[in-house]
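Novice: Below is the file input.cif, which contains mmCIF, C-alpha atoms.
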```
data_entry
loop_
_atom_site.label_atom_id
_atom_site.label_comp_id
_atom_site.auth_asym_id
_atom_site.auth_seq_id
_atom_site.Cartn_x
_atom_site.Cartn_y
_atom_site.Cartn_z
CA MET A 24 -8.49 -10.25 -0.56
CA ALA A 25 -7.44 -11.82 -3.83
CA ASP A 26 -5.02 -14.54 -4.90
CA GLN A 27 -2.74 -11.98 -6.48
CA SER A 28 0.82 -11.33 -5.45
CA THR A 29 2.05 -8.85 -2.98
CA PRO A 30 5.37 -7.06 -3.56
CA GLU A 31 7.87 -8.45 -1.07
CA ALA A 32 10.26 -6.40 1.01
CA PRO A 33 13.55 -5.87 -0.81
CA ALA A 34 16.27 -8.40 -0.16
CA ALA A 35 13.79 -10.23 2.06
CA ALA A 36 12.81 -13.76 2.22
CA GLY A 37 7.98 -9.53 -1.43
CA SER A 38 -6.96 -10.88 -0.37
CA VAL A 39 -5.56 -12.77 1.70
CA SER A 40 -3.58 -15.12 -0.64
CA GLY A 41 -0.82 -14.84 -3.96
CA GLU A 42 5.18 -12.80 -6.92
CA ALA A 43 6.38 -9.55 -6.37
CA PRO A 44 7.16 -6.73 -8.77
CA SER A 45 10.84 -6.11 -9.19
CA GLU A 46 12.02 -3.61 -6.69
CA GLN A 47 13.20 -0.24 -7.90
CA PRO A 48 16.98 -0.06 -7.48
CA PRO A 49 18.42 2.54 -5.12
CA ALA A 50 19.05 5.90 -6.75
CA ALA A 51 20.98 9.01 -5.81
CA ALA A 52 19.27 11.72 -3.80
CA VAL A 53 17.30 14.20 -5.87
CA ALA A 54 18.69 17.27 -4.16
CA GLY A 55 20.35 18.38 -0.95
CA VAL A 56 22.50 16.29 1.31
CA SER A 57 21.03 13.03 2.54
CA ARG A 58 21.50 11.31 5.86
CA ARG A 59 22.90 8.40 3.86
CA LYS A 60 25.58 10.61 2.32
CA LEU A 61 26.44 12.28 5.59
CA LEU A 62 26.50 9.14 7.70
CA GLY A 63 27.71 6.66 5.12
CA THR A 64 30.44 8.67 3.42
CA ALA A 65 31.66 10.95 6.18
CA GLY A 66 34.73 8.77 6.61
CA ALA A 67 35.93 9.61 3.12
CA THR A 68 34.82 13.21 2.78
CA GLY A 69 34.64 14.69 6.27
CA LEU A 70 31.92 17.18 7.20
CA VAL A 71 29.63 18.55 4.52
CA LEU A 72 29.39 22.30 5.04
CA GLY A 73 26.71 24.79 4.15
CA ALA A 74 27.19 28.37 3.04
CA ALA A 75 27.66 29.50 6.64
CA GLY A 76 30.20 26.78 7.32
CA GLY A 77 27.89 24.60 9.43
CA ALA A 78 27.06 20.98 8.75
CA VAL A 79 24.15 20.59 6.32
CA GLY A 80 21.27 18.34 7.38
CA TYR A 81 22.07 15.85 10.12
CA GLY A 82 25.48 15.92 11.79
CA ALA A 83 28.18 13.80 10.23
CA ARG A 84 29.92 10.94 12.01
CA PRO A 85 33.63 10.88 12.78
CA ALA A 86 36.03 9.79 10.06
CA GLU A 87 36.12 6.20 11.33
CA ALA A 88 32.32 5.82 11.16
CA THR A 89 30.94 2.62 9.69
CA PRO A 90 28.74 3.16 6.61
CA LEU A 91 25.06 2.40 6.93
CA ALA A 92 23.85 -1.12 6.26
CA SER A 93 22.16 -1.80 2.92
CA VAL A 94 18.68 -1.47 4.41
CA GLY A 95 19.39 2.12 5.41
CA THR A 96 20.98 3.15 2.11
CA ASP A 97 18.11 2.04 -0.12
CA GLU A 98 16.46 5.12 -1.59
CA VAL A 99 13.36 5.62 -3.73
CA MET A 100 13.07 8.72 -5.90
CA PHE A 101 10.26 11.19 -5.18
CA HIS A 102 10.05 12.68 -8.67
CA GLY A 103 8.99 10.43 -11.53
CA LYS A 104 6.25 9.37 -13.92
CA HIS A 105 4.34 7.60 -11.16
CA GLN A 106 4.20 8.25 -7.45
CA SER A 107 6.29 6.03 -5.22
CA GLY A 108 4.81 3.30 -3.04
CA ILE A 109 2.99 1.51 -5.88
CA THR A 110 5.46 -0.73 -7.70
CA GLN A 111 8.19 -0.84 -5.03
CA GLY A 112 8.62 -4.01 -3.00
CA LEU A 113 6.82 -4.47 0.31
CA GLN A 114 8.22 -2.41 3.15
CA ALA A 115 8.67 -3.60 6.72
CA ARG A 116 6.62 -0.77 8.26
CA GLY A 117 3.69 1.23 7.01
CA HIS A 118 1.22 3.91 8.04
CA LEU A 119 -2.04 4.75 6.30
CA VAL A 120 -3.63 8.04 7.26
CA ALA A 121 -6.63 9.98 5.95
CA PHE A 122 -7.31 13.68 6.47
CA ASP A 123 -10.35 15.91 6.09
CA LEU A 124 -9.87 19.52 5.08
CA ALA A 125 -10.58 21.94 7.91
CA ALA A 126 -13.75 24.02 7.93
CA GLY A 127 -13.31 26.92 5.52
CA ALA A 128 -10.32 25.36 3.75
CA GLY A 129 -10.72 25.10 -0.01
CA ARG A 130 -8.72 24.83 -3.20
CA LYS A 131 -6.13 27.46 -2.24
CA GLU A 132 -5.41 25.85 1.11
CA ALA A 133 -5.33 22.37 -0.44
CA ALA A 134 -2.78 23.51 -3.03
CA ALA A 135 -0.55 25.01 -0.34
CA LEU A 136 -0.84 21.81 1.70
CA MET A 137 0.07 19.57 -1.22
CA ARG A 138 3.05 21.80 -1.95
CA ARG A 139 4.26 21.45 1.66
CA TRP A 140 3.63 17.73 1.75
CA SER A 141 5.44 17.14 -1.54
CA GLU A 142 8.54 19.03 -0.41
CA THR A 143 8.54 17.17 2.90
CA ALA A 144 8.19 13.83 1.13
CA ARG A 145 11.00 14.70 -1.29
CA ARG A 146 13.37 15.63 1.52
CA LEU A 147 12.63 12.66 3.74
CA MET A 148 12.74 10.13 0.89
CA ALA A 149 16.20 11.51 0.02
CA GLY A 150 17.29 11.00 3.63
CA GLU A 151 17.35 14.70 4.45
CA ALA A 152 16.12 16.39 7.60
CA MET A 153 13.02 18.56 7.76
CA THR A 154 13.59 22.18 6.80
CA GLN A 155 12.58 23.22 10.32
CA ASP A 156 11.43 21.70 13.59
CA ASP A 157 12.81 18.26 12.79
CA THR A 158 12.17 15.83 15.63
CA ASP A 159 15.48 13.95 15.13
CA VAL A 160 13.61 10.64 15.29
CA ALA A 161 15.38 9.44 12.13
CA ARG A 162 18.71 11.23 12.76
CA ASP A 163 20.82 8.06 12.69
CA ALA A 164 19.09 6.39 9.73
CA GLY A 165 19.30 6.53 5.98
CA PRO A 166 16.30 6.69 3.61
CA SER A 167 15.45 3.04 4.32
CA SER A 168 13.29 2.74 1.18
CA LEU A 169 10.89 5.41 2.46
CA THR A 170 7.95 6.12 0.16
CA VAL A 171 5.16 8.68 0.63
CA THR A 172 2.08 8.46 -1.61
CA PHE A 173 -0.80 10.94 -1.83
CA GLY A 174 -4.40 10.49 -2.98
CA PHE A 175 -7.72 12.36 -3.14
CA GLY A 176 -11.04 11.00 -1.92
CA HIS A 177 -14.50 11.52 -3.42
CA SER A 178 -15.37 14.29 -0.92
CA PHE A 179 -12.21 16.30 -1.73
CA PHE A 180 -13.59 17.60 -4.99
CA ALA A 181 -16.75 19.20 -3.63
CA ARG A 182 -14.76 20.71 -0.75
CA THR A 183 -12.37 22.41 -3.19
CA GLY A 184 -14.89 23.45 -5.88
CA LEU A 185 -13.49 20.89 -8.30
CA ALA A 186 -16.52 18.60 -8.61
CA LYS A 187 -16.33 18.74 -12.41
CA GLN A 188 -12.82 17.30 -12.25
CA ARG A 189 -13.82 14.30 -10.15
CA PRO A 190 -13.20 11.07 -12.10
CA VAL A 191 -16.09 8.70 -12.78
CA ALA A 192 -13.82 5.91 -11.51
CA LEU A 193 -13.93 7.57 -8.08
CA ASP A 194 -17.67 6.94 -7.65
CA PRO A 195 -18.30 5.33 -4.24
CA LEU A 196 -17.76 1.60 -4.02
CA PRO A 197 -20.97 -0.46 -3.93
CA ASP A 198 -22.19 -2.05 -0.73
CA PHE A 199 -21.07 -5.63 -0.17
CA SER A 200 -23.04 -8.01 2.02
CA SER A 201 -19.96 -8.96 4.03
CA ASP A 202 -19.15 -5.34 4.94
CA GLN A 203 -19.30 -4.21 8.56
CA LEU A 204 -17.77 -0.81 7.94
CA ASP A 205 -16.93 1.82 10.52
CA LYS A 206 -17.64 5.11 8.73
CA ALA A 207 -15.34 7.00 11.07
CA ARG A 208 -12.42 4.89 9.81
CA SER A 209 -13.42 4.99 6.14
CA ASN A 210 -12.87 7.36 3.20
CA GLY A 211 -11.60 10.93 3.74
CA ASP A 212 -10.72 14.02 1.68
CA LEU A 213 -7.01 13.18 1.48
CA TRP A 214 -5.08 9.94 1.89
CA VAL A 215 -1.39 9.36 2.59
CA GLN A 216 0.43 6.03 2.43
CA ILE A 217 3.83 5.87 4.14
CA GLY A 218 6.17 2.90 3.98
CA ALA A 219 9.78 2.26 4.99
CA ASN A 220 12.08 -0.56 6.04
CA ASP A 221 12.76 1.09 9.39
CA ALA A 222 10.05 1.78 11.95
CA LEU A 223 11.53 5.09 13.13
CA VAL A 224 11.96 6.37 9.57
CA ALA A 225 8.32 5.54 8.86
CA PHE A 226 7.09 7.19 12.07
CA HIS A 227 9.27 10.25 11.41
CA ALA A 228 7.55 10.70 8.05
CA LEU A 229 4.10 10.19 9.57
CA ARG A 230 4.74 12.82 12.22
CA ALA A 231 6.13 15.26 9.66
CA ILE A 232 3.09 14.87 7.40
CA GLN A 233 0.72 15.34 10.34
CA LYS A 234 2.55 18.47 11.52
CA ASP A 235 2.64 19.88 7.98
CA ALA A 236 -1.14 19.66 7.80
CA GLY A 237 -1.28 22.57 10.23
CA GLY A 238 -4.66 24.26 10.23
CA ALA A 239 -5.52 23.13 6.71
CA ALA A 240 -6.55 19.54 7.51
CA ARG A 241 -7.17 17.26 10.45
CA VAL A 242 -6.60 13.53 10.82
CA ARG A 243 -9.74 11.49 10.10
CA TRP A 244 -8.23 8.05 10.76
CA GLN A 245 -4.83 6.42 10.91
CA MET A 246 -3.70 2.77 10.78
CA ASN A 247 -0.34 1.10 11.33
CA GLY A 248 0.98 -1.99 9.55
CA PHE A 249 4.00 -4.19 9.04
CA ASN A 250 5.54 -6.84 6.83
CA ARG A 251 8.51 -9.16 7.11
CA SER A 252 11.80 -7.28 7.52
CA PRO A 253 14.46 -7.42 4.81
CA GLY A 254 16.92 -10.23 5.39
CA ALA A 255 14.65 -12.23 7.69
CA THR A 256 14.69 -15.20 5.30
CA SER A 257 17.53 -16.95 3.51
CA HIS A 258 16.38 -15.69 0.12
CA PRO A 259 13.68 -13.35 -1.25
CA MET A 260 10.27 -15.00 -1.20
CA THR A 261 6.57 -14.20 -1.25
CA ALA A 262 5.36 -12.74 2.04
CA ARG A 263 3.12 -14.53 4.51
CA ASN A 264 0.07 -12.96 6.11
CA LEU A 265 -1.17 -13.45 9.67
CA MET A 266 -3.03 -16.59 8.64
CA GLY A 267 0.32 -18.12 7.74
CA GLN A 268 -0.48 -18.23 4.03
CA LEU A 269 1.88 -17.08 1.29
CA ASP A 270 0.20 -13.88 0.16
CA GLY A 271 1.03 -12.68 -3.31
CA THR A 272 1.53 -15.44 -5.86
CA ARG A 273 -0.44 -13.98 -8.78
CA ASN A 274 0.23 -10.25 -8.57
CA PRO A 275 0.70 -8.50 -11.92
CA LYS A 276 4.39 -7.81 -12.55
CA PRO A 277 5.90 -4.62 -14.02
CA THR A 278 7.71 -6.80 -16.55
CA GLU A 279 4.42 -7.92 -18.10
CA SER A 280 3.50 -6.16 -21.35
CA ASP A 281 0.05 -5.11 -20.14
CA PHE A 282 1.06 -4.10 -16.60
CA ASP A 283 0.79 -0.33 -17.14
CA ARG A 284 -2.55 -0.67 -18.91
CA ARG A 285 -4.02 -2.60 -16.01
CA ILE A 286 -2.55 -0.56 -13.15
CA PHE A 287 -2.07 3.02 -14.37
CA VAL A 288 -4.32 5.57 -16.05
CA PRO A 289 -2.95 6.18 -19.57
CA SER A 290 -1.29 9.48 -20.45
CA SER A 291 -4.29 10.21 -22.66
CA GLY A 292 -6.74 9.27 -19.91
CA ASP A 293 -9.71 11.22 -18.63
CA PRO A 294 -9.55 13.42 -16.65
CA SER A 295 -6.18 14.63 -17.92
CA TRP A 296 -4.85 15.44 -14.43
CA MET A 297 -4.97 11.70 -13.62
CA ALA A 298 -2.52 10.82 -16.42
CA ASP A 299 -0.07 8.15 -15.21
CA GLY A 300 -1.93 7.91 -11.90
CA SER A 301 -3.78 4.99 -10.33
CA TYR A 302 -6.69 4.25 -8.01
CA ALA A 303 -6.16 2.79 -4.56
CA VAL A 304 -8.78 0.73 -2.76
CA VAL A 305 -8.03 0.56 0.96
CA ARG A 306 -9.76 -1.98 3.21
CA ARG A 307 -9.16 -2.85 6.85
CA ILE A 308 -9.82 -6.59 6.90
CA ARG A 309 -9.93 -8.22 10.30
CA MET A 310 -8.90 -11.88 10.39
CA LEU A 311 -10.86 -14.06 12.79
CA LEU A 312 -7.70 -15.87 13.79
CA ASP A 313 -9.14 -17.93 16.64
CA ASP A 314 -11.65 -19.52 14.25
CA TRP A 315 -9.05 -19.92 11.50
CA GLU A 316 -6.50 -21.58 13.74
CA ARG A 317 -9.01 -24.20 14.87
CA LEU A 318 -9.02 -25.61 11.34
CA SER A 319 -6.62 -28.35 10.35
CA VAL A 320 -3.94 -27.41 7.83
CA ALA A 321 -5.77 -29.47 5.19
CA ALA A 322 -9.00 -27.55 5.85
CA GLN A 323 -7.17 -24.22 5.64
CA GLU A 324 -5.66 -25.28 2.31
CA ASN A 325 -9.10 -26.14 0.93
CA VAL A 326 -10.37 -22.69 1.92
CA ILE A 327 -7.52 -21.01 0.06
CA GLY A 328 -6.90 -23.55 -2.73
CA ARG A 329 -3.14 -23.55 -2.17
CA ARG A 330 -0.61 -25.39 -0.01
CA LYS A 331 0.24 -23.54 3.16
CA SER A 332 3.86 -24.68 3.10
CA ASN A 333 4.91 -23.34 -0.31
CA GLY A 334 1.91 -21.63 -1.94
CA ALA A 335 1.55 -24.26 -4.68
CA ALA A 336 -1.92 -24.92 -6.05
CA LEU A 337 -3.61 -28.01 -4.62
CA THR A 338 -3.40 -29.48 -8.12
CA GLY A 339 0.39 -29.78 -7.79
CA GLY A 340 3.67 -28.21 -8.85
CA THR A 341 5.32 -25.16 -7.32
CA GLU A 342 4.00 -21.77 -6.27
CA THR A 343 4.05 -20.52 -9.86
CA THR A 344 2.62 -23.64 -11.50
CA ALA A 345 -0.70 -22.92 -13.19
CA MET A 346 -3.75 -24.11 -11.26
CA ASP A 347 -5.70 -26.92 -12.98
CA LEU A 348 -9.29 -25.90 -12.29
CA GLU A 349 -10.75 -29.08 -13.79
CA LYS A 350 -8.61 -31.63 -11.95
CA ALA A 351 -10.63 -34.07 -9.83
CA ASP A 352 -9.68 -36.65 -7.20
CA ALA A 353 -10.45 -40.40 -7.24
CA GLN A 354 -13.99 -39.71 -5.99
CA GLY A 355 -14.65 -37.20 -8.74
CA ASN A 356 -14.45 -34.14 -6.50
CA LEU A 357 -12.64 -31.06 -7.72
CA VAL A 358 -9.20 -30.84 -6.14
CA VAL A 359 -9.57 -27.07 -5.86
CA PRO A 360 -13.06 -26.52 -4.37
CA LEU A 361 -15.50 -24.30 -6.21
CA ASN A 362 -15.54 -21.81 -3.35
CA ALA A 363 -11.76 -21.76 -2.80
CA HIS A 364 -10.42 -18.22 -2.51
CA ALA A 365 -7.68 -18.76 -5.11
CA ARG A 366 -10.18 -20.10 -7.68
CA ILE A 367 -12.69 -17.29 -7.23
CA THR A 368 -10.14 -14.47 -7.46
CA ARG A 369 -8.35 -15.60 -10.62
CA PRO A 370 -8.40 -12.88 -13.32
CA ASP A 371 -9.45 -15.45 -15.93
CA GLN A 372 -12.51 -16.16 -13.77
CA ASN A 373 -13.36 -12.45 -13.50
CA GLY A 374 -13.22 -11.10 -17.04
CA GLY A 375 -9.53 -10.34 -16.75
CA ALA A 376 -9.99 -8.07 -13.72
CA ALA A 377 -6.58 -7.33 -12.24
CA MET A 378 -5.20 -5.29 -9.39
CA LEU A 379 -1.78 -4.86 -7.83
CA ARG A 380 -2.08 -5.79 -4.18
CA ARG A 381 0.37 -4.13 -1.79
CA PRO A 382 -0.93 -4.57 1.76
CA PHE A 383 0.40 -4.45 5.31
CA SER A 384 -0.51 -6.76 8.17
CA TYR A 385 -1.72 -5.14 11.38
CA HIS A 386 -2.20 -6.03 15.04
CA ASP A 387 -4.00 -3.57 17.32
CA GLY A 388 -3.96 -5.58 20.53
CA PHE A 389 -6.60 -7.86 22.03
CA ASP A 390 -10.28 -7.45 22.84
CA ALA A 391 -11.51 -7.81 26.41
CA ASP A 392 -12.09 -11.52 25.84
CA GLY A 393 -8.58 -12.05 24.45
CA VAL A 394 -9.50 -12.11 20.76
CA PRO A 395 -6.75 -10.55 18.63
CA ASP A 396 -7.65 -7.43 16.69
CA ALA A 397 -5.43 -8.30 13.76
CA GLY A 398 -5.55 -8.76 10.03
CA LEU A 399 -4.70 -7.03 6.78
CA LEU A 400 -4.54 -3.39 5.73
CA PHE A 401 -5.48 -4.27 2.17
CA VAL A 402 -4.26 -1.79 -0.46
CA CYS A 403 -4.74 -2.56 -4.14
CA TRP A 404 -3.93 -0.50 -7.23
CA GLN A 405 -5.70 -0.45 -10.59
CA ALA A 406 -6.37 1.78 -13.58
CA ASP A 407 -10.11 1.56 -12.90
CA PRO A 408 -11.64 0.11 -9.72
CA LEU A 409 -14.90 -0.59 -11.54
CA ARG A 410 -12.96 -3.09 -13.67
CA GLY A 411 -10.45 -4.18 -11.02
CA PHE A 412 -11.54 -4.43 -7.41
CA VAL A 413 -15.32 -4.26 -7.75
CA PRO A 414 -16.02 -7.32 -9.94
CA VAL A 415 -13.68 -9.51 -7.89
CA GLN A 416 -15.15 -8.40 -4.58
CA ARG A 417 -18.68 -8.95 -5.84
CA LYS A 418 -17.78 -12.49 -6.74
CA LEU A 419 -16.13 -13.07 -3.37
CA ASP A 420 -19.26 -11.69 -1.74
CA ARG A 421 -21.33 -14.44 -3.33
CA GLY A 422 -19.51 -17.46 -1.94
CA ASP A 423 -15.85 -17.22 -0.96
CA ALA A 424 -14.92 -19.90 1.57
CA LEU A 425 -12.60 -17.42 3.23
CA SER A 426 -15.40 -14.95 3.99
CA GLN A 427 -16.39 -16.67 7.25
CA PHE A 428 -12.89 -16.07 8.61
CA ILE A 429 -12.54 -12.36 7.80
CA ARG A 430 -14.50 -9.15 8.34
CA HIS A 431 -14.24 -5.94 6.30
CA GLU A 432 -14.27 -3.16 8.91
CA ALA A 433 -13.18 -0.03 7.02
CA SER A 434 -12.98 1.06 3.39
CA GLY A 435 -11.76 3.86 1.17
CA LEU A 436 -11.23 4.68 -2.49
CA PHE A 437 -8.72 7.30 -3.58
CA ALA A 438 -7.56 8.86 -6.85
CA VAL A 439 -3.75 8.88 -6.81
CA PRO A 440 -2.39 11.25 -9.46
CA GLY A 441 0.78 10.63 -11.40
CA GLY A 442 4.17 11.56 -10.04
CA ALA A 443 5.44 15.12 -9.79
CA ALA A 444 8.12 16.37 -12.16
CA GLU A 445 11.11 18.35 -10.88
CA GLY A 446 9.83 21.64 -9.48
CA GLU A 447 6.22 20.40 -9.22
CA TYR A 448 4.11 19.08 -6.38
CA VAL A 449 1.72 16.13 -6.41
CA GLY A 450 -1.74 17.13 -7.64
CA GLN A 451 -0.58 20.40 -9.19
CA ARG A 452 -2.25 19.65 -12.51
CA LEU A 453 -5.57 19.31 -10.70
CA LEU A 454 -5.27 22.20 -8.26
CA GLU A 455 -3.74 24.72 -10.64
CA GLY A 456 -5.16 23.42 -13.92
#
```
Produce structure tokens that represent the structure in this file.
Specialist:
Amino acid sequence: MADQSTPEAPAAAGSVSGEAPSEQPPAAAVAGVSRRKLLGTAGATGLVLGAAGGAVGYGARPAEATPLASVGTDEVMFHGKHQSGITQGLQARGHLVAFDLAAGAGRKEAAALMRRWSETARRLMAGEAMTQDDTDVARDAGPSSLTVTFGFGHSFFARTGLAKQRPVALDPLPDFSSDQLDKARSNGDLWVQIGANDALVAFHALRAIQKDAGGAARVRWQMNGFNRSPGATSHPMTARNLMGQLDGTRNPKPTESDFDRRIFVPSSGDPSWMADGSYAVVRRIRMLLDDWERLSVAAQENVIGRRKSNGAALTGGTETTAMDLEKADAQGNLVVPLNAHARITRPDQNGGAAMLRRPFSYHDGFDADGVPDAGLLFVCWQADPLRGFVPVQRKLDRGDALSQFIRHEASGLFAVPGGAAEGEYVGQRLLEG
């Protein structure tokens, strides 16, 4: 967990520690009639009718209906240069789920599955109902910033006869001494990230994706997460994690000139099907909260290297003030300890290694002895994990003060292709190339 920023939920008060990329503004639905249009504009237009004269999509409200709140109307486009769920702000709810292809399923079945999944994602992100067998879970909601992101794991390529198309950057992550990984909750042939600012909208998408898998793939593992809800603070601000720390101060920003180079595979990249894509490292990081909360605030700040109250470096200033790594106190001790998490994870201390962190917190109840099973569903994006995540994690492995308060329990690495153009599905260049 690095001291790099985490995108904050839109209109909200945005490793384990670090400013958020600018959120993509709402856009009109790609096609069809959205729940937002039906529910939010029914008062002005009346019912929207299909060819047979019936209402299209979800039923419209009466003419006096109140339009949806801003959280419900926010919409992210499915089609585009990059897949959604990478540069958008943090969402209040999230689901991460990995699938393995069923026995006997290969390239043909994978292509059909990705076609189904892409159409489902397009419809739901536009606020539309499923084409059939919709559960009505999200009937009353708008798009709510729903994003659905798809990726391929290392094992996918052998299963589909595409081993020659597997990127070098997708080679398995090295072992780290702090890992205590559960293989059953790690990796997978296919990976789906779902995020939304409404819990029912997010669950609706998760259920739709799972049902769409049909006989082609089965769930390998699934994890649920959350972030602060939009509007919970007086103004947008960097998110806090379950340790109470501001988490996302040094994230790369889309406005930076080298952002695309660091986060996305170039259009001329190799293999060509990964053009404009990215690589996602996924880690389930349990926080040992009982141990952490026994520390004084001052001790916690020394572990991180930043003030708990406002995220400022211990050397002074505000959250965005540059950290003075050489500053010492009256006794000659470094103000930011050598093993402080924020010092170790700085890009300028790791050969410029950078990754866009976009995690979710999680809480899966309590152990028999009352210890919370809680922490961070760490998701980070980079153009090459061998130059992004790996060097930073190796350095953390050698002496991060935070390591005694966290435990890496699951891991995955996925190749996330670029976005689908109109009329295409995600991964089409790989599966039909």
Novice: Work out how far apart atom CA of A:Gly328 and atom CA of A:Leu204 are and give it in Å to one decimal.
Specialist: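 Distance between the two atoms: 27.4 Å.
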Novice: Can I get the residues of stretch 249-341 of chain A within 9 Å of stretch 357-378 of chain A, each with the closest pair of atoms and their distance in Å to one decimal, using all atoms listed in the file, sorted chain first then ascending number, as a tab-separated table?
Specialist:
```
residue	atom	partner	partner_atom	distance
A:Arg273	CA	A:Arg369	CA	8.3
A:Asn274	CA	A:Met378	CA	7.4
A:Pro275	CA	A:Met378	CA	7.2
A:Arg285	CA	A:Ala377	CA	6.6
A:Ile286	CA	A:Met378	CA	6.6
A:Glu324	CA	A:Ala363	CA	8.7
A:Asn325	CA	A:Ala363	CA	6.3
A:Val326	CA	A:Ala363	CA	5.0
A:Ile327	CA	A:His364	CA	4.8
A:Gly328	CA	A:Ala363	CA	5.2
A:Arg329	CA	A:Ala365	CA	7.2
A:Ala336	CA	A:Val359	CA	7.9
A:Leu337	CA	A:Val359	CA	6.2
A:Thr338	CA	A:Val358	CA	6.3
```
Novice: Go ahead and fit an axis-aligned box to every listed atom of stretch 140-146 of chain A plus 6 Å each side, and pass me the centre and edge lengths in Å, one decimal, as AutoDock Vina command-line options.
Specialist:
```
--center_x 8.5 --center_y 16.4 --center_z 0.7 --size_x 21.7 --size_y 17.2 --size_z 16.4
```
Novice: When you look at stretch 290-306 of chain A with a cut-off of 9 Å (counting all atoms listed in the file), what residues show up, excluding the ones that are within fewer than 2 positions of it in the same chain? I need them as a PyMOL selection string.
Specialist: chain A and resi 104-106+109+174+188-193+209-210+283+286-288+308+382+399-408+412+431-442+450-453+456
Novice: Given the file above and the PyMOL selection byres ((chain A and resi 320) around 12), which residues are selected, and can you give them as number ranges by chain?
Specialist: A: 266-268, 315-319, 321-332
Novice: Rounded to one decimal in Å, what is the spacing between atom CA of A:Asp235 and atom CA of A:Arg182?
Specialist: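 If I compute the distance from atom CA of A:Asp235 to atom CA of A:Arg182, I get 19.5 Å.
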Novice: Residues within 12 Å of A:Lys131, please, as JSON, numbers by chain. Count all atoms listed in the file; anything in the same chain fewer than 2 positions from it doesn't count.
Specialist: {"A": [124, 127, 128, 129, 133, 134, 135, 136, 137, 138, 182, 183, 184, 185, 239, 451, 453, 454, 455]}
Novice: Identify which of the residues A:Ala121, A:Met153, A:Leu229, A:Ala164 lies closest to A:Gly176, counting all atoms listed in the file when measuring atom-to-atom distances.
Specialist: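 Among the listed residues, A:Ala121 lies closest to A:Gly176.
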Novice: Give me, as a PyMOL selection string, all polymer residues having an atom no more than 7 Å from A:Asn247, counting all atoms listed in the file and skipping those fewer than 2 positions away in the same chain.
Specialist: chain A and resi 117-119+245+385
Novice: With all atoms listed in the file as the atoms that count, which of A:His227, A:Arg307, A:Arg263, A:Lys206 lies nearest to A:Thr143?
Specialist: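 Of the candidates, the smallest distance to A:Thr143 is held by A:His227.
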